[in-house]
Amino acid sequence: MFTDVEIARFRDETPGCANVAHFNHAGASLMPAPVLNAVVDHLRREAEFGGYEAADEAEERLEGVYDTIARLIGAQRAEIAVIENATRAWDMAFYAIPFQPGDRILTSAAEYASNVIAFLHIADRGVSIEVVPNDETGQLSVEALRDMMDDRVRVVAISHMPTNGGLVQPAAEIGAICRDSNALYLLDACQTVGQMPVDVEQIGCDILSATSRKYLRGPRGMGFLYVRSRVLDQLTPPFLDLHAARWTSRDRYEVRVDARKFENWEYFVAGKLGMGVAADYALAIGLDRIWAHVEQTAARLRERLSEIAGLTLYELGTVKGGIVSFAIDGVPSRELRNRLFERGFNLTTSTVCSTRYDMEDRNLPPLMRASVHYVTTDDESERLVKAVEEAGTI
Ligand SMILES: Cc1ncc(COP(=O)(O)O)c(C=O)c1O
């Protein structure tokens, strides 16, 4: 855990902490000042000196973003592509997979909607979508996955932490199973990067997607993709432009060999710089310490919320992170969210449309989602508990 002095410093460096009690780090966290300054300073250079010229001036820092992101997840810089959000990063890799009729996709019950929509989108190629059952704790059953594997499994696609709860899937155990197979292991780490140590070697994933604005605390409109060097040449991006490929003669082009073949030429330059600063900031603080703090802060919040009459926590798994999901009997979550917003608390709700398999399987109502980070103090959590108690009265 961080000391009170350290947390006070992190909060001082976060302008938003003075304005709101932010329990929406899983939606978009509050940017720390160094990130905000990097973005705003670059936008100002663009406005005052020209966009292309500002990018030239920032070239070294822009290249450095690949090193920082690679360090953040234990990858090599050539395995990183910077892409505008986690979904598009995931899509660029997923739609690059040369599916054949008879191929199988194995996924988790807690999978994110956009990923499942992409599975359904290609299902008419004769590809099956199979949900690996959960074990008794509610996390993906590693045993069931092992039993389901065969040569036709083309992809094992897992959300590391779902959008609607703190469940941390057993990513490394899944990786160990995939390592012995022909399947690609695609990890959606949108909610875990920046929240906990995520190391692609330790996990063993072939592809990983993440976003800047959530636990990494970067700007919106930014994300990244990791593709293991060994599988890069198996994947042809669904779109190619003059950045991803070079037009070499009238009827030929050559595709880049590194992960940047998944990028495109025009992008949010200030956002990329901001994401790089956010990753540096997280690395300087230390992902192990961030995770210890988030895990404990969320556990305490769960404990305190569970004491409220009529409130049910809807949490799965053995390892739980910063997302806390609950509902109060007789109080629609949207209504409760609005009442809390009026009292200065930022929370959001999760509905069936974002995690349908899980919400239907458990017959869940729309859920409240309170997500904590290392800038969340016990005092703030206590104030939230009191506000939920008051606002949750019918
Ligand atoms: C598990 C998971 N995957 C993917 C996404 C999508 O990320 P983005 O909005 O950056 O595309 C989210 C967003 O909430 C998420 O929770």
# chains A, B, ... in the order shown; residues from 1 in each chain; ligands from 1
call {"tool": "residues_near_ligand", "arguments": {"ligand": "ligand 1", "cutoff": "6 Å", "atoms": "only C-alpha atoms and all ligand atoms", "output": "PyMOL selection string"}}
result
chain A and resi 85-87+112+159+161-163+188+190-191+211
call {"tool": "write_last_selection", "arguments": {"atoms": "N, CA, C and O atoms", "output": "PDB file, in the first residue's frame"}}
result
ATOM      1  N   ASN A  85      -7.958   3.124 -30.065  1.00  0.00           N
ATOM      2  CA  ASN A  85      -8.633   2.623 -28.855  1.00  0.00           C
ATOM      3  C   ASN A  85      -8.427   1.122 -28.770  1.00  0.00           C
ATOM      4  O   ASN A  85      -7.905   0.493 -29.705  1.00  0.00           O
ATOM      5  N   ALA A  86      -8.830   0.562 -27.661  1.00  0.00           N
ATOM      6  CA  ALA A  86      -8.595  -0.868 -27.444  1.00  0.00           C
ATOM      7  C   ALA A  86      -9.402  -1.719 -28.421  1.00  0.00           C
ATOM      8  O   ALA A  86      -8.920  -2.741 -28.918  1.00  0.00           O
ATOM      9  N   THR A  87     -10.618  -1.290 -28.702  1.00  0.00           N
ATOM     10  CA  THR A  87     -11.466  -2.096 -29.588  1.00  0.00           C
ATOM     11  C   THR A  87     -10.861  -2.177 -30.980  1.00  0.00           C
ATOM     12  O   THR A  87     -10.769  -3.256 -31.578  1.00  0.00           O
ATOM     13  N   TYR A 112     -16.301  -9.161 -23.517  1.00  0.00           N
ATOM     14  CA  TYR A 112     -16.789  -7.818 -23.835  1.00  0.00           C
ATOM     15  C   TYR A 112     -17.605  -7.829 -25.131  1.00  0.00           C
ATOM     16  O   TYR A 112     -17.248  -8.507 -26.101  1.00  0.00           O
ATOM     17  N   SER A 159     -11.228 -11.682 -22.118  1.00  0.00           N
ATOM     18  CA  SER A 159     -11.104 -10.375 -21.461  1.00  0.00           C
ATOM     19  C   SER A 159     -10.434 -10.615 -20.111  1.00  0.00           C
ATOM     20  O   SER A 159     -10.969 -11.353 -19.280  1.00  0.00           O
ATOM     21  N   MET A 161      -9.954  -8.664 -17.515  1.00  0.00           N
ATOM     22  CA  MET A 161     -10.932  -8.260 -16.494  1.00  0.00           C
ATOM     23  C   MET A 161     -12.139  -7.735 -17.255  1.00  0.00           C
ATOM     24  O   MET A 161     -11.989  -6.899 -18.147  1.00  0.00           O
ATOM     25  N   PRO A 162     -13.331  -8.236 -16.929  1.00  0.00           N
ATOM     26  CA  PRO A 162     -14.488  -7.781 -17.706  1.00  0.00           C
ATOM     27  C   PRO A 162     -14.839  -6.331 -17.389  1.00  0.00           C
ATOM     28  O   PRO A 162     -14.354  -5.767 -16.411  1.00  0.00           O
ATOM     29  N   THR A 163     -15.721  -5.786 -18.198  1.00  0.00           N
ATOM     30  CA  THR A 163     -16.114  -4.401 -18.000  1.00  0.00           C
ATOM     31  C   THR A 163     -17.068  -4.267 -16.806  1.00  0.00           C
ATOM     32  O   THR A 163     -17.224  -3.197 -16.246  1.00  0.00           O
ATOM     33  N   ASP A 188      -7.685  -9.383 -24.156  1.00  0.00           N
ATOM     34  CA  ASP A 188      -8.209  -8.017 -24.053  1.00  0.00           C
ATOM     35  C   ASP A 188      -7.856  -7.524 -22.641  1.00  0.00           C
ATOM     36  O   ASP A 188      -8.518  -7.886 -21.669  1.00  0.00           O
ATOM     37  N   CYS A 190      -7.827  -4.429 -21.602  1.00  0.00           N
ATOM     38  CA  CYS A 190      -8.280  -3.045 -21.542  1.00  0.00           C
ATOM     39  C   CYS A 190      -8.416  -2.543 -20.101  1.00  0.00           C
ATOM     40  O   CYS A 190      -8.091  -1.403 -19.798  1.00  0.00           O
ATOM     41  N   GLN A 191      -8.908  -3.419 -19.206  1.00  0.00           N
ATOM     42  CA  GLN A 191      -9.141  -2.978 -17.821  1.00  0.00           C
ATOM     43  C   GLN A 191      -7.961  -3.272 -16.905  1.00  0.00           C
ATOM     44  O   GLN A 191      -7.974  -2.829 -15.755  1.00  0.00           O
ATOM     45  N   THR A 211      -6.115   0.146 -23.668  1.00  0.00           N
ATOM     46  CA  THR A 211      -6.512   1.516 -23.929  1.00  0.00           C
ATOM     47  C   THR A 211      -5.737   2.473 -23.033  1.00  0.00           C
ATOM     48  O   THR A 211      -5.175   2.070 -22.029  1.00  0.00           O
TER      49      THR A 211
END
call {"tool": "residues_around", "arguments": {"residues": "A:Gly221", "least_positions_apart": "5", "cutoff": "10 Å", "atoms": "only C-alpha atoms", "output": "NGL selection string"}}
result
:A and (83-86 or 211-213 or 267-268 or 271-272 or 275)
call {"tool": "select_by_dssp", "arguments": {"residues": "stretch 59-263 of chain A", "states": "strand (DSSP E or B)", "output": "VMD selection string"}}
result
chain A and resid 80 to 83 104 to 108 128 to 132 134 140 153 to 159 167 184 to 188 193 196 207 to 211 223 to 227 245 to 249 252 to 255
call {"tool": "write_last_selection", "arguments": {"atoms": "N, CA and C atoms", "output": "compact mmCIF listing (two decimals), in the first residue's frame"}}
result
# COMPACT_ATOMS: atom_id res chain seq x y z
N ILE A 80 4.79 -3.52 -30.89
CA ILE A 80 3.78 -2.57 -30.43
C ILE A 80 3.25 -1.73 -31.59
N ALA A 81 1.93 -1.59 -31.65
CA ALA A 81 1.29 -0.64 -32.57
C ALA A 81 0.45 0.31 -31.72
N VAL A 82 0.47 1.57 -32.07
CA VAL A 82 -0.35 2.55 -31.35
C VAL A 82 -1.61 2.78 -32.19
N ILE A 83 -2.76 2.53 -31.57
CA ILE A 83 -4.05 2.53 -32.31
C ILE A 83 -5.06 3.29 -31.47
N ARG A 104 -12.54 -23.02 -34.61
CA ARG A 104 -13.29 -22.74 -33.38
C ARG A 104 -12.70 -21.52 -32.67
N ILE A 105 -13.59 -20.71 -32.11
CA ILE A 105 -13.17 -19.60 -31.24
C ILE A 105 -13.62 -19.98 -29.83
N LEU A 106 -12.72 -20.00 -28.90
CA LEU A 106 -13.09 -20.23 -27.51
C LEU A 106 -12.99 -18.90 -26.77
N THR A 107 -14.02 -18.60 -25.98
CA THR A 107 -14.02 -17.32 -25.27
C THR A 107 -14.60 -17.49 -23.87
N SER A 108 -14.59 -16.39 -23.12
CA SER A 108 -15.06 -16.45 -21.73
C SER A 108 -16.50 -15.97 -21.63
N SER A 128 -17.04 -21.59 -35.42
CA SER A 128 -17.93 -21.71 -34.26
C SER A 128 -17.43 -20.86 -33.09
N ILE A 129 -18.39 -20.37 -32.30
CA ILE A 129 -18.06 -19.55 -31.12
C ILE A 129 -18.49 -20.37 -29.90
N GLU A 130 -17.55 -20.69 -29.06
CA GLU A 130 -17.86 -21.53 -27.90
C GLU A 130 -17.40 -20.85 -26.62
N VAL A 131 -18.31 -20.81 -25.66
CA VAL A 131 -18.02 -20.14 -24.38
C VAL A 131 -17.50 -21.18 -23.39
N VAL A 132 -16.31 -20.95 -22.88
CA VAL A 132 -15.73 -21.86 -21.89
C VAL A 132 -16.48 -21.63 -20.57
N ASN A 134 -17.48 -21.33 -16.61
CA ASN A 134 -16.76 -20.85 -15.43
C ASN A 134 -16.58 -21.99 -14.43
N LEU A 140 -13.07 -18.18 -15.43
CA LEU A 140 -13.04 -19.19 -16.49
C LEU A 140 -12.41 -20.47 -15.94
N VAL A 153 -9.10 -25.34 -32.73
CA VAL A 153 -9.22 -24.06 -31.99
C VAL A 153 -8.22 -23.07 -32.59
N ARG A 154 -8.77 -22.04 -33.21
CA ARG A 154 -7.91 -21.07 -33.90
C ARG A 154 -7.54 -19.93 -32.96
N VAL A 155 -8.49 -19.56 -32.09
CA VAL A 155 -8.27 -18.43 -31.18
C VAL A 155 -8.88 -18.74 -29.81
N VAL A 156 -8.12 -18.37 -28.80
CA VAL A 156 -8.68 -18.31 -27.45
C VAL A 156 -8.69 -16.82 -27.10
N ALA A 157 -9.89 -16.25 -27.00
CA ALA A 157 -10.02 -14.79 -26.82
C ALA A 157 -10.64 -14.53 -25.45
N ILE A 158 -9.91 -13.82 -24.63
CA ILE A 158 -10.32 -13.65 -23.24
C ILE A 158 -10.22 -12.18 -22.84
N SER A 159 -11.23 -11.68 -22.12
CA SER A 159 -11.10 -10.37 -21.46
C SER A 159 -10.43 -10.61 -20.11
N LEU A 167 -13.48 -9.28 -11.49
CA LEU A 167 -12.88 -10.59 -11.79
C LEU A 167 -11.59 -10.48 -12.60
N LEU A 184 -4.13 -19.13 -31.36
CA LEU A 184 -3.63 -17.82 -30.97
C LEU A 184 -4.34 -17.42 -29.69
N TYR A 185 -3.61 -16.83 -28.79
CA TYR A 185 -4.20 -16.38 -27.52
C TYR A 185 -4.30 -14.86 -27.56
N LEU A 186 -5.55 -14.39 -27.60
CA LEU A 186 -5.83 -12.96 -27.76
C LEU A 186 -6.38 -12.43 -26.43
N LEU A 187 -5.61 -11.58 -25.79
CA LEU A 187 -6.01 -11.09 -24.46
C LEU A 187 -6.45 -9.63 -24.55
N ASP A 188 -7.69 -9.38 -24.16
CA ASP A 188 -8.21 -8.02 -24.05
C ASP A 188 -7.86 -7.52 -22.64
N VAL A 193 -4.34 -3.18 -17.86
CA VAL A 193 -3.10 -2.43 -18.08
C VAL A 193 -3.18 -1.12 -17.29
N MET A 196 -2.51 -3.34 -12.85
CA MET A 196 -1.75 -4.44 -12.25
C MET A 196 -0.57 -4.77 -13.18
N ILE A 207 -1.39 -11.94 -28.58
CA ILE A 207 -1.92 -10.62 -28.96
C ILE A 207 -2.53 -10.01 -27.69
N LEU A 208 -2.34 -8.72 -27.54
CA LEU A 208 -2.93 -8.04 -26.37
C LEU A 208 -3.38 -6.65 -26.82
N SER A 209 -4.57 -6.25 -26.36
CA SER A 209 -5.04 -4.91 -26.68
C SER A 209 -5.31 -4.16 -25.38
N ALA A 210 -5.12 -2.84 -25.43
CA ALA A 210 -5.33 -2.02 -24.23
C ALA A 210 -5.66 -0.60 -24.63
N THR A 211 -6.12 0.15 -23.67
CA THR A 211 -6.51 1.52 -23.93
C THR A 211 -5.74 2.47 -23.03
N GLY A 223 -4.92 4.05 -27.73
CA GLY A 223 -4.79 2.68 -27.22
C GLY A 223 -3.59 2.03 -27.88
N PHE A 224 -3.40 0.76 -27.61
CA PHE A 224 -2.28 0.09 -28.29
C PHE A 224 -2.55 -1.40 -28.45
N LEU A 225 -1.76 -1.98 -29.33
CA LEU A 225 -1.85 -3.40 -29.65
C LEU A 225 -0.46 -4.00 -29.52
N TYR A 226 -0.41 -5.19 -28.95
CA TYR A 226 0.83 -5.97 -28.92
C TYR A 226 0.61 -7.20 -29.78
N VAL A 227 1.55 -7.51 -30.66
CA VAL A 227 1.50 -8.77 -31.41
C VAL A 227 2.88 -9.41 -31.30
N ALA A 245 2.05 -0.02 -45.26
CA ALA A 245 2.70 -0.65 -46.41
C ALA A 245 3.35 0.44 -47.28
N ARG A 246 4.28 0.00 -48.17
CA ARG A 246 4.92 0.95 -49.07
C ARG A 246 4.52 0.59 -50.49
N TRP A 247 4.12 1.60 -51.25
CA TRP A 247 3.72 1.39 -52.66
C TRP A 247 5.02 1.36 -53.46
N THR A 248 5.48 0.19 -53.86
CA THR A 248 6.84 0.05 -54.40
C THR A 248 6.91 0.15 -55.93
N SER A 249 5.86 -0.22 -56.63
CA SER A 249 5.79 0.00 -58.09
C SER A 249 4.32 0.08 -58.45
N ARG A 252 2.50 -2.96 -57.17
CA ARG A 252 3.02 -3.72 -56.01
C ARG A 252 3.09 -2.85 -54.76
N TYR A 253 3.03 -3.52 -53.64
CA TYR A 253 3.29 -2.85 -52.36
C TYR A 253 3.97 -3.84 -51.43
N GLU A 254 4.64 -3.29 -50.43
CA GLU A 254 5.29 -4.15 -49.42
C GLU A 254 4.75 -3.77 -48.04
N VAL A 255 4.31 -4.76 -47.32
CA VAL A 255 3.77 -4.51 -45.99
C VAL A 255 4.92 -4.42 -44.98
call {"tool": "select_by_dssp", "arguments": {"residues": "stretch 177-297 of chain A", "states": "helix (DSSP H, G or I)", "output": "MDAnalysis selection string"}}
result
chainID A and resid 177:179 200:203 229:232 259:262 269:285 287:297
call {"tool": "closest_residue", "arguments": {"among": "A:Arg11, A:Lys261, A:Arg304, A:Arg369", "to": "A:Leu336", "atoms": "only C-alpha atoms"}}
result
A:Arg369
